[in-house]
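Here's the structure we're looking at; comments come further down.
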Amino acid sequence: MALQVLEFEFKSAATQEIAKEWSHLGVTGSGDLEVLMEKKALNGGVKAKVVTPVKGFDAVWEKMLGKFVTDTGVGNVSIEINDDNATPIVVYMRLRQALAEATAKEAE
Amino acid sequence: MKNWTELENSSFFDANARERALGMVDKGTFTEFLNPLDRYCSPHLPVLGTAVEFDDGTVCGVGLLGKHPVFVVSMEGKFIGGAIGEVNGGKMVATIRLALKAAADIKAKYPEEYAARRPLVAVSFETGGVRLHEANAGLLAHAEVMDAFQDCRGIVPVVAVVGSKVGCFGGMGFVAAATDVIVMNEEGRIGLTGPEVIEQEMGKDEFDASNKALVYRTTGAKHKYIIQDCNYLVEDKIGEFHKTLAEVAEIPMAEIEKMRRIGSLKLVQEQQELVKLVGDMQPKDSMDLWKYFGNEDPAALPEMTTAEFLKVVKRRVRS
Amino acid sequence: MEELDNTMIGRGRDAIDMIIDKDSFQENIIDGYSFDPDYGPGSVVGTAKLNGKPTTIIANDAMAFNDRFPVVFGGVIGLEEGYKMATAVYRTMEADKDKPLPEKRAIVLIVDTPGNGPGKMEEIAGMNKSTGGYQLALAEARKAGHPIVAMVIGRAISGAFLCHGLQADHILALSKDFGTMIHVMPLTSIARITKMDIERLEELSTSNPVFAAGVDFFYKLGGVQEIVNQVEDMREVIIRHIDEVAKLKAEGKGELLGPWGRGILGNERGGRTHRMEAIAKVNAEFAAVADKYINA
């Protein structure tokens with residue numbers, strides 16, 4: 001019954017670092033998730049931590065996060081997710097939005 | 001996330017808790033307490049297998065309205081219905097008490113300018129009350145908030161801001177009632193017992209919880225405005241709430257006290273008149289009361305835009 | 001659940017007699033003020049002598065029905081009941097308003113209530129104001145120096161306990177052997193609403209005080225100051241707590257009482273430690289930026 005805590009590490013081309021020291025997006029609602037990105041010196045790599053009530057999707061999370069890292073070339077960042085049953089499509093969309101937020105110039 | 005200017009023109013109803021908090025205060029002035037980077041989640045949810053949130057579902061912080069520090073509590077209805085547990089309850093209480101501390105500091109430092117710098121508490125309610133997963137701690141937190149509100153009496157105005165999806169129900173329904181000033185948009189709802197529970201207690205014939213229009217007529221902002229439980233009914237824009245809060249920040253404390261609905265013997269007596277009216281009338285629907293207060297065609301009111309409604313509505317006359 | 005022959009549930013009026021000085025209860029009278037006896041029949045208010053001193057009594061009457069508001073029976077606090085209770089508190093303050101702190105009379109709340117009025121008329125008139133109004137009155141009286149002690153003799157359920165009990169200085173409860181119930185919601189309902197597994201909830205309910213129902217867990221959280229193990233002891237324990245509370249008020253230690261005091265107690269007893277930590281962090285984070293806001 002307890003929450004699942006999944007941790008992953010990815011190597012990255014590290015063509016993109018985030019602009020802000022940290023950035024946050026989203027709400028842990030039913031079928032949704034929040035994403036916290038924090039700039040970290042990880043030799044270009046990416047660390048990810050997912051906290052979710054859903055069991056048995058470790059491989060799916062790893063694949064999706066890996067795809068996100070490959071697609072975007074994001075590096076030197078830690079990604080933390082609190083999930084509540086989001087579908088893979090929502091997860092991927094939120095990751096892209098979170099990255100856009102994290103790389104945007106400071107909001108006016 | 002939208003920038004501040006975009007937020008001002010955005011729907012309050014559609015906004016999440018953080019967007020509301022940022023947009024209710026002056027541009028660029030909001031500092032969040034225990035923000036997501038602090039990762040202060042509820043320690044009680046993981047054992048129950050319930051998803052957590054870094055802010056525990058409530059955004060707390062401080063901003064400015066001119067020179068007035070505004071202590072903001074903003075609840076997130078998408079996270080466990082905006083319900084109150086140990087951590088977010090503690091954050092809420094702490095934030096309200098900080099307004100009192102700030103008031104004392106400002107009074108000491110700027111005795112001549114207190115009115116212009118007087119702090120304000122603004123709570124954006126979106127909640128069903130106690131979080132069942134940590135129910136006892138949530139219950140006790142409600143009592144602490146009521147206690148803190150009483151401490152604020154006559155020193156800093158406490159404003160309830162209600163206009164989000166979940167509404168404001170359960171214990172938080174009376175917490176909102178205990179504030180000085182209530183600001184709502186048309187979609188806002190405040191009550192104690194949720195519609196489903198009323199249906200369960202009284203039967204579907206008496207109250208059909210799936211009848212959305214009935215639910216709004218019973219607990220919605222227009223009804224609250226008519227019976228004088230809502231002080232300001234505003235358009236559904238974050239900027240409108242911001243503007244209204246800025247206005248309230250300037251109102252003298254003696255006038256603020258007059259905007260209350262409970263909190264003194266005189267106000268209890270005034271409410272008892274309303275209870276007597278309801279007991280004698282035995283209304284089947286809020287519209288019976290609207291008509292009594294002088295609205296000839298009560299059925300037309302729910303359909304009106306906020307502006308039209310404000311132009312024609314007749315309200316309960318306060319004694 | 002087995003039948004308890006010693007339960008005090010539904011016996012609010014009997015409890016008054018067990019607690020006060022013999023035959024001293026003047027129902028519906030507080031100082032010079034008289035209440036309409038037909039109004040808010042689900043609540044009982046009046047003045048008694050306790051250890052020789054005038055004391056305001058506020059209790060529930062689980063045997064009464066309110067003819068005007070059909071959901072009000074069995075100890076439910078309805079619209080009239082909440083305002084009647086609030087009025088009793090304001091009249092108490094009025095009675096002693098010119099008296100010095102040590103002479104402010106005590107208020108004893110005898111708690112046995114399953115809920116606030118859950119009806120349509122209640123929502124139309126605004127039940128939230130009735131229960132909220134009573135709580136604000138109690139908070140004001142507590143801060144004005146009246147010692148307020150709540151004695152849970154039966155049911156202290158959720159919002160009704162917030163209304164009638166949780167604004168007291170100290171809360172006492174008969175032990176669970178008397179069938180005393182303190183909770184927000186029964187486990188079966190929690191399971192239904194949260195869709196969590198009832199067996200897991202039952203397992204957790206034996207160990208997790210923030211979540212589990214019952215007097216003992218509320219004690220651990222600081223929500224109950226002291227558990228009373230014998231009905232015959234209620235009177236003495238209440239008198240002792242009134243004296244303790246009065247002493248703390250005289251010493252200017254009001255922060256150790258009421259809801260805030262229960263937070264401190266819950267931290268000491270180890271049942272509610274995260275609340276205190278969250279509060280300390282919020283305070284520290286504001287202190288770091290306070291200048292910008294104080295000197296805007």
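Chain labels run A, B, ... following the order of the structure tokens; each chain numbers its residues from 1, and ligands are numbered from 1 in the order shown.
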Any chance you could tabulate, as JSON lines, the residues of chain B at most 9 Å from chain A with each one's nearest atom pair and distance in Å to one decimal, using only C-alpha atoms, in chain and rising number order?
```
{"residue": "B:Met1", "atom": "CA", "partner": "A:Glu101", "partner_atom": "CA", "distance": 6.8}
{"residue": "B:Lys2", "atom": "CA", "partner": "A:Ala107", "partner_atom": "CA", "distance": 8.2}
{"residue": "B:Asn3", "atom": "CA", "partner": "A:Ala107", "partner_atom": "CA", "distance": 5.6}
{"residue": "B:Trp4", "atom": "CA", "partner": "A:Glu108", "partner_atom": "CA", "distance": 7.3}
{"residue": "B:Thr5", "atom": "CA", "partner": "A:Glu108", "partner_atom": "CA", "distance": 8.4}
{"residue": "B:Asn16", "atom": "CA", "partner": "A:Val27", "partner_atom": "CA", "distance": 7.9}
{"residue": "B:Lys27", "atom": "CA", "partner": "A:Glu108", "partner_atom": "CA", "distance": 8.7}
{"residue": "B:Gly28", "atom": "CA", "partner": "A:Glu108", "partner_atom": "CA", "distance": 7.8}
{"residue": "B:Pro36", "atom": "CA", "partner": "A:His24", "partner_atom": "CA", "distance": 7.0}
{"residue": "B:Leu37", "atom": "CA", "partner": "A:Leu36", "partner_atom": "CA", "distance": 7.5}
{"residue": "B:Leu45", "atom": "CA", "partner": "A:Leu3", "partner_atom": "CA", "distance": 8.3}
{"residue": "B:Pro46", "atom": "CA", "partner": "A:Leu3", "partner_atom": "CA", "distance": 5.1}
{"residue": "B:Val47", "atom": "CA", "partner": "A:Ala2", "partner_atom": "CA", "distance": 4.7}
{"residue": "B:Leu48", "atom": "CA", "partner": "A:Ala2", "partner_atom": "CA", "distance": 5.8}
{"residue": "B:Gly49", "atom": "CA", "partner": "A:Ala2", "partner_atom": "CA", "distance": 4.2}
{"residue": "B:Thr50", "atom": "CA", "partner": "A:Pro53", "partner_atom": "CA", "distance": 6.1}
{"residue": "B:Ala51", "atom": "CA", "partner": "A:Asp84", "partner_atom": "CA", "distance": 5.5}
{"residue": "B:Val52", "atom": "CA", "partner": "A:Asn82", "partner_atom": "CA", "distance": 6.2}
{"residue": "B:Glu53", "atom": "CA", "partner": "A:Thr28", "partner_atom": "CA", "distance": 5.8}
{"residue": "B:Phe54", "atom": "CA", "partner": "A:Asn82", "partner_atom": "CA", "distance": 7.8}
{"residue": "B:Gly57", "atom": "CA", "partner": "A:Val27", "partner_atom": "CA", "distance": 8.4}
{"residue": "B:Glu76", "atom": "CA", "partner": "A:Val27", "partner_atom": "CA", "distance": 8.1}
{"residue": "B:Gly77", "atom": "CA", "partner": "A:Gly29", "partner_atom": "CA", "distance": 8.4}
{"residue": "B:Lys78", "atom": "CA", "partner": "A:Gly29", "partner_atom": "CA", "distance": 4.8}
{"residue": "B:Phe79", "atom": "CA", "partner": "A:Gly29", "partner_atom": "CA", "distance": 4.9}
{"residue": "B:Ile80", "atom": "CA", "partner": "A:Gly29", "partner_atom": "CA", "distance": 7.3}
{"residue": "B:Gly81", "atom": "CA", "partner": "A:Gly29", "partner_atom": "CA", "distance": 8.9}
```
N, CA and C atoms of the current selection, written as a compact mmCIF listing (two decimals), in the first residue's frame:
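The file below, out-v2.txt, is the result:
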```txt
# COMPACT_ATOMS: atom_id res chain seq x y z
N MET B 1 4.53 28.42 -16.18
CA MET B 1 3.46 29.16 -15.51
C MET B 1 3.32 30.56 -16.11
N LYS B 2 2.10 31.06 -16.09
CA LYS B 2 1.85 32.40 -16.63
C LYS B 2 2.60 33.45 -15.82
N ASN B 3 3.01 34.53 -16.49
CA ASN B 3 3.61 35.62 -15.73
C ASN B 3 2.49 36.42 -15.05
N TRP B 4 2.91 37.35 -14.19
CA TRP B 4 1.95 38.04 -13.33
C TRP B 4 0.88 38.77 -14.15
N THR B 5 1.30 39.44 -15.20
CA THR B 5 0.34 40.21 -16.01
C THR B 5 -0.69 39.28 -16.66
N ASN B 16 -4.59 27.45 -10.47
CA ASN B 16 -4.19 26.60 -9.35
C ASN B 16 -3.80 27.47 -8.15
N LYS B 27 2.65 42.79 -8.25
CA LYS B 27 3.59 42.13 -9.16
C LYS B 27 4.96 41.88 -8.53
N GLY B 28 5.37 40.61 -8.60
CA GLY B 28 6.72 40.25 -8.18
C GLY B 28 6.98 40.32 -6.69
N PRO B 36 8.05 24.43 -2.94
CA PRO B 36 8.29 23.05 -3.37
C PRO B 36 9.73 22.57 -3.16
N LEU B 37 10.68 23.49 -3.22
CA LEU B 37 12.08 23.10 -3.04
C LEU B 37 12.33 22.58 -1.61
N LEU B 45 0.87 10.45 4.46
CA LEU B 45 0.22 9.91 3.26
C LEU B 45 0.92 8.68 2.70
N PRO B 46 2.28 8.64 2.70
CA PRO B 46 2.93 7.48 2.08
C PRO B 46 2.50 6.13 2.66
N VAL B 47 2.33 6.03 3.98
CA VAL B 47 1.92 4.73 4.55
C VAL B 47 0.53 4.31 4.08
N LEU B 48 -0.26 5.27 3.66
CA LEU B 48 -1.60 4.96 3.16
C LEU B 48 -1.61 4.80 1.64
N GLY B 49 -0.42 4.93 1.03
CA GLY B 49 -0.33 4.76 -0.41
C GLY B 49 -0.94 5.92 -1.18
N THR B 50 -1.04 7.07 -0.55
CA THR B 50 -1.64 8.23 -1.20
C THR B 50 -0.55 9.19 -1.67
N ALA B 51 -0.69 9.66 -2.90
CA ALA B 51 0.30 10.54 -3.51
C ALA B 51 0.53 11.79 -2.66
N VAL B 52 1.76 12.29 -2.69
CA VAL B 52 2.11 13.47 -1.90
C VAL B 52 2.35 14.67 -2.82
N GLU B 53 2.38 15.87 -2.22
CA GLU B 53 2.74 17.07 -2.96
C GLU B 53 3.76 17.86 -2.13
N PHE B 54 4.72 18.47 -2.84
CA PHE B 54 5.81 19.15 -2.14
C PHE B 54 5.32 20.27 -1.23
N GLY B 57 -0.28 20.66 -0.63
CA GLY B 57 -1.60 21.08 -1.08
C GLY B 57 -2.02 22.47 -0.66
N GLU B 76 -5.16 24.07 -2.66
CA GLU B 76 -5.21 23.42 -3.97
C GLU B 76 -6.23 22.30 -3.97
N GLY B 77 -7.36 22.55 -4.62
CA GLY B 77 -8.44 21.56 -4.63
C GLY B 77 -8.11 20.28 -5.37
N LYS B 78 -7.18 20.36 -6.32
CA LYS B 78 -6.85 19.14 -7.09
C LYS B 78 -6.08 18.13 -6.25
N PHE B 79 -5.43 18.59 -5.20
CA PHE B 79 -4.67 17.68 -4.34
C PHE B 79 -5.54 17.29 -3.14
N ILE B 80 -6.04 16.05 -3.15
CA ILE B 80 -6.90 15.51 -2.08
C ILE B 80 -8.00 16.51 -1.69
N GLY B 81 -8.61 17.11 -2.70
CA GLY B 81 -9.75 18.00 -2.44
C GLY B 81 -9.42 19.21 -1.59
```
Show me, as a Markdown table, the residues of chain C having an atom within 9 Å of chain A, each with the closest atom pair and its distance in Å, using only C-alpha atoms.
```
| residue | atom | partner | partner_atom | distance |
| --- | --- | --- | --- | --- |
| C:Met196 | CA | A:Met1 | CA | 9.0 |
| C:Asp197 | CA | A:Met1 | CA | 8.8 |
| C:Arg200 | CA | A:Met1 | CA | 8.1 |
```
Can you spit out the residues from that selection as an mmCIF file, in the first residue's frame, using N, CA and C atoms?
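Saved the output as result02.cif:
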```cif
data_model
loop_
_atom_site.group_PDB
_atom_site.id
_atom_site.type_symbol
_atom_site.label_atom_id
_atom_site.label_comp_id
_atom_site.auth_asym_id
_atom_site.auth_seq_id
_atom_site.Cartn_x
_atom_site.Cartn_y
_atom_site.Cartn_z
ATOM 1 N N MET C 196 -9.636 3.460 0.234
ATOM 2 C CA MET C 196 -8.525 2.697 0.790
ATOM 3 C C MET C 196 -9.066 1.411 1.399
ATOM 4 N N ASP C 197 -8.189 0.444 1.496
ATOM 5 C CA ASP C 197 -8.537 -0.881 1.961
ATOM 6 C C ASP C 197 -8.864 -0.853 3.463
ATOM 7 N N ARG C 200 -6.335 -2.583 5.869
ATOM 8 C CA ARG C 200 -5.116 -1.806 6.066
ATOM 9 C C ARG C 200 -5.403 -0.612 6.993
#
```
Practice problem: Find the spatial neighbours of C:Glu80, counting only C-alpha atoms, within a cut-off of 9 Å - ignore same-chain residues fewer than 6 positions away - and output them as a list in words. | Solution: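 Near C:Glu80, the qualifying residues are Gln272, Val275 and Lys276 of chain B; Tyr39, Gly40, Pro41, Gly42, Ser43, Asn66, Phe69 and Ser130 of chain C.
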Quiz prompt | Distance of atom CA of C:Pro54 from atom CA of C:Leu174, expressed in Å to one decimal place | solution =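 Going from atom CA of C:Leu174 over to atom CA of C:Pro54, I get 23.8 Å.
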Practice problem: Can you check which residues of stretch 60-173 of chain C DSSP gives as helix (DSSP H, G or I) on the backbone and send them as an NGL selection string? | Solution: :C and (79-95 or 101-103 or 120-125 or 127-144 or 158-163)
Save out the residues we just selected, N, CA and C atoms, as a short mmCIF file (atom, residue, chain, number, x, y, z; two decimals), in the first residue's frame.
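Result file is part_31.cif:
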```cif
data_model
loop_
_atom_site.label_atom_id
_atom_site.label_comp_id
_atom_site.auth_asym_id
_atom_site.auth_seq_id
_atom_site.Cartn_x
_atom_site.Cartn_y
_atom_site.Cartn_z
N LEU C 79 -29.05 25.22 13.92
CA LEU C 79 -28.90 26.68 13.82
C LEU C 79 -29.22 27.35 15.16
N GLU C 80 -30.40 27.03 15.70
CA GLU C 80 -30.80 27.68 16.96
C GLU C 80 -29.86 27.29 18.09
N GLU C 81 -29.49 26.01 18.11
CA GLU C 81 -28.64 25.52 19.20
C GLU C 81 -27.31 26.26 19.23
N GLY C 82 -26.67 26.40 18.05
CA GLY C 82 -25.37 27.07 18.00
C GLY C 82 -25.45 28.51 18.48
N TYR C 83 -26.48 29.22 18.03
CA TYR C 83 -26.63 30.62 18.45
C TYR C 83 -27.01 30.74 19.93
N LYS C 84 -27.79 29.77 20.39
CA LYS C 84 -28.14 29.76 21.82
C LYS C 84 -26.87 29.57 22.66
N MET C 85 -26.02 28.64 22.24
CA MET C 85 -24.78 28.38 22.97
C MET C 85 -23.87 29.61 22.91
N ALA C 86 -23.81 30.24 21.74
CA ALA C 86 -22.99 31.45 21.60
C ALA C 86 -23.51 32.55 22.53
N THR C 87 -24.85 32.68 22.57
CA THR C 87 -25.44 33.69 23.43
C THR C 87 -25.08 33.44 24.90
N ALA C 88 -25.10 32.17 25.28
CA ALA C 88 -24.74 31.83 26.67
C ALA C 88 -23.32 32.30 26.99
N VAL C 89 -22.43 32.18 26.02
CA VAL C 89 -21.04 32.60 26.24
C VAL C 89 -20.97 34.13 26.33
N TYR C 90 -21.64 34.81 25.40
CA TYR C 90 -21.60 36.29 25.44
C TYR C 90 -22.24 36.82 26.73
N ARG C 91 -23.34 36.19 27.17
CA ARG C 91 -23.99 36.64 28.41
C ARG C 91 -23.08 36.40 29.61
N THR C 92 -22.30 35.34 29.53
CA THR C 92 -21.34 35.06 30.61
C THR C 92 -20.28 36.15 30.68
N MET C 93 -19.77 36.52 29.51
CA MET C 93 -18.75 37.59 29.48
C MET C 93 -19.33 38.89 30.00
N GLU C 94 -20.57 39.17 29.57
CA GLU C 94 -21.26 40.38 29.98
C GLU C 94 -21.41 40.42 31.51
N ALA C 95 -21.78 39.28 32.07
CA ALA C 95 -22.02 39.20 33.52
C ALA C 95 -20.78 39.59 34.32
N LEU C 101 -9.71 39.41 36.70
CA LEU C 101 -9.44 38.09 36.12
C LEU C 101 -9.81 36.92 37.04
N PRO C 102 -9.38 36.92 38.30
CA PRO C 102 -9.67 35.73 39.12
C PRO C 102 -11.15 35.50 39.35
N GLU C 103 -11.97 36.53 39.12
CA GLU C 103 -13.41 36.38 39.37
C GLU C 103 -14.22 36.09 38.11
N LYS C 120 -31.12 21.00 4.53
CA LYS C 120 -31.19 22.02 3.47
C LYS C 120 -31.45 23.40 4.06
N MET C 121 -32.39 23.47 4.98
CA MET C 121 -32.67 24.79 5.59
C MET C 121 -31.44 25.31 6.33
N GLU C 122 -30.71 24.37 6.91
CA GLU C 122 -29.48 24.76 7.62
C GLU C 122 -28.50 25.41 6.64
N GLU C 123 -28.38 24.82 5.46
CA GLU C 123 -27.44 25.39 4.48
C GLU C 123 -27.96 26.71 3.93
N ILE C 124 -29.29 26.79 3.73
CA ILE C 124 -29.86 28.03 3.19
C ILE C 124 -29.61 29.20 4.16
N ALA C 125 -29.81 28.95 5.45
CA ALA C 125 -29.59 30.03 6.43
C ALA C 125 -28.11 30.21 6.73
N MET C 127 -25.56 27.28 8.23
CA MET C 127 -25.19 26.57 9.46
C MET C 127 -23.74 26.88 9.85
N ASN C 128 -22.92 27.17 8.85
CA ASN C 128 -21.51 27.47 9.13
C ASN C 128 -21.37 28.68 10.06
N LYS C 129 -22.32 29.63 9.96
CA LYS C 129 -22.24 30.82 10.82
C LYS C 129 -22.64 30.49 12.25
N SER C 130 -23.59 29.58 12.41
CA SER C 130 -24.04 29.24 13.75
C SER C 130 -22.92 28.56 14.53
N THR C 131 -22.33 27.53 13.92
CA THR C 131 -21.24 26.83 14.61
C THR C 131 -20.01 27.73 14.72
N GLY C 132 -19.73 28.51 13.67
CA GLY C 132 -18.58 29.41 13.71
C GLY C 132 -18.76 30.51 14.75
N GLY C 133 -20.00 31.01 14.85
CA GLY C 133 -20.29 32.07 15.82
C GLY C 133 -20.07 31.61 17.25
N TYR C 134 -20.45 30.38 17.52
CA TYR C 134 -20.26 29.82 18.86
C TYR C 134 -18.76 29.67 19.16
N GLN C 135 -18.01 29.21 18.17
CA GLN C 135 -16.56 29.03 18.38
C GLN C 135 -15.86 30.36 18.65
N LEU C 136 -16.26 31.39 17.89
CA LEU C 136 -15.64 32.70 18.12
C LEU C 136 -15.97 33.24 19.51
N ALA C 137 -17.21 32.98 19.95
CA ALA C 137 -17.61 33.43 21.29
C ALA C 137 -16.74 32.75 22.35
N LEU C 138 -16.55 31.44 22.20
CA LEU C 138 -15.73 30.70 23.16
C LEU C 138 -14.28 31.20 23.15
N ALA C 139 -13.75 31.43 21.94
CA ALA C 139 -12.37 31.91 21.83
C ALA C 139 -12.24 33.27 22.52
N GLU C 140 -13.24 34.12 22.32
CA GLU C 140 -13.20 35.45 22.94
C GLU C 140 -13.27 35.35 24.47
N ALA C 141 -14.15 34.48 24.96
CA ALA C 141 -14.30 34.32 26.41
C ALA C 141 -13.01 33.74 27.01
N ARG C 142 -12.42 32.80 26.30
CA ARG C 142 -11.17 32.20 26.79
C ARG C 142 -10.10 33.28 26.90
N LYS C 143 -10.00 34.13 25.89
CA LYS C 143 -8.98 35.18 25.89
C LYS C 143 -9.30 36.29 26.90
N ALA C 144 -10.61 36.41 27.22
CA ALA C 144 -11.01 37.42 28.21
C ALA C 144 -10.76 36.93 29.63
N SER C 158 -16.18 15.16 14.85
CA SER C 158 -15.80 16.06 13.77
C SER C 158 -16.19 17.52 14.01
N GLY C 159 -16.94 18.10 13.05
CA GLY C 159 -17.28 19.52 13.13
C GLY C 159 -18.04 19.88 14.40
N ALA C 160 -18.80 18.94 14.94
CA ALA C 160 -19.55 19.23 16.15
C ALA C 160 -18.62 19.35 17.35
N PHE C 161 -17.51 18.61 17.33
CA PHE C 161 -16.51 18.72 18.38
C PHE C 161 -15.75 20.04 18.22
N LEU C 162 -15.49 20.43 16.98
CA LEU C 162 -14.87 21.75 16.75
C LEU C 162 -15.76 22.84 17.33
N CYS C 163 -17.07 22.68 17.10
CA CYS C 163 -18.04 23.65 17.57
C CYS C 163 -18.10 23.67 19.09
#
```
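Counting only C-alpha atoms, stretch 166-172 of chain B has the following residues at most 7 Å away, ignoring those fewer than 5 positions along the same chain: Gly77, Gly81, Phe125, Glu126, Thr127, Gly128, Gly129, Val130, His142, Gly188, Arg189, Ile190, Gly191, Leu192, Thr193 and Gly194 of chain B; Gly159 of chain C.
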Quiz item: Between atom CA of B:Ser11 and atom CA of A:Ala19, what is the spacing in Å?
Solution: 28.7 Å
Exercise. Quote the spacing between atom CA of C:Lys253 and atom CA of C:Arg240 in Å to one decimal place.
Key: 17.1 Å
Practice problem: Show which residues sit within 9 Å of A:Glu9, as a PyMOL selection string. Count only C-alpha atoms, and ignore same-chain residues fewer than 4 positions away. | Solution: chain A and resi 45-49+62+66
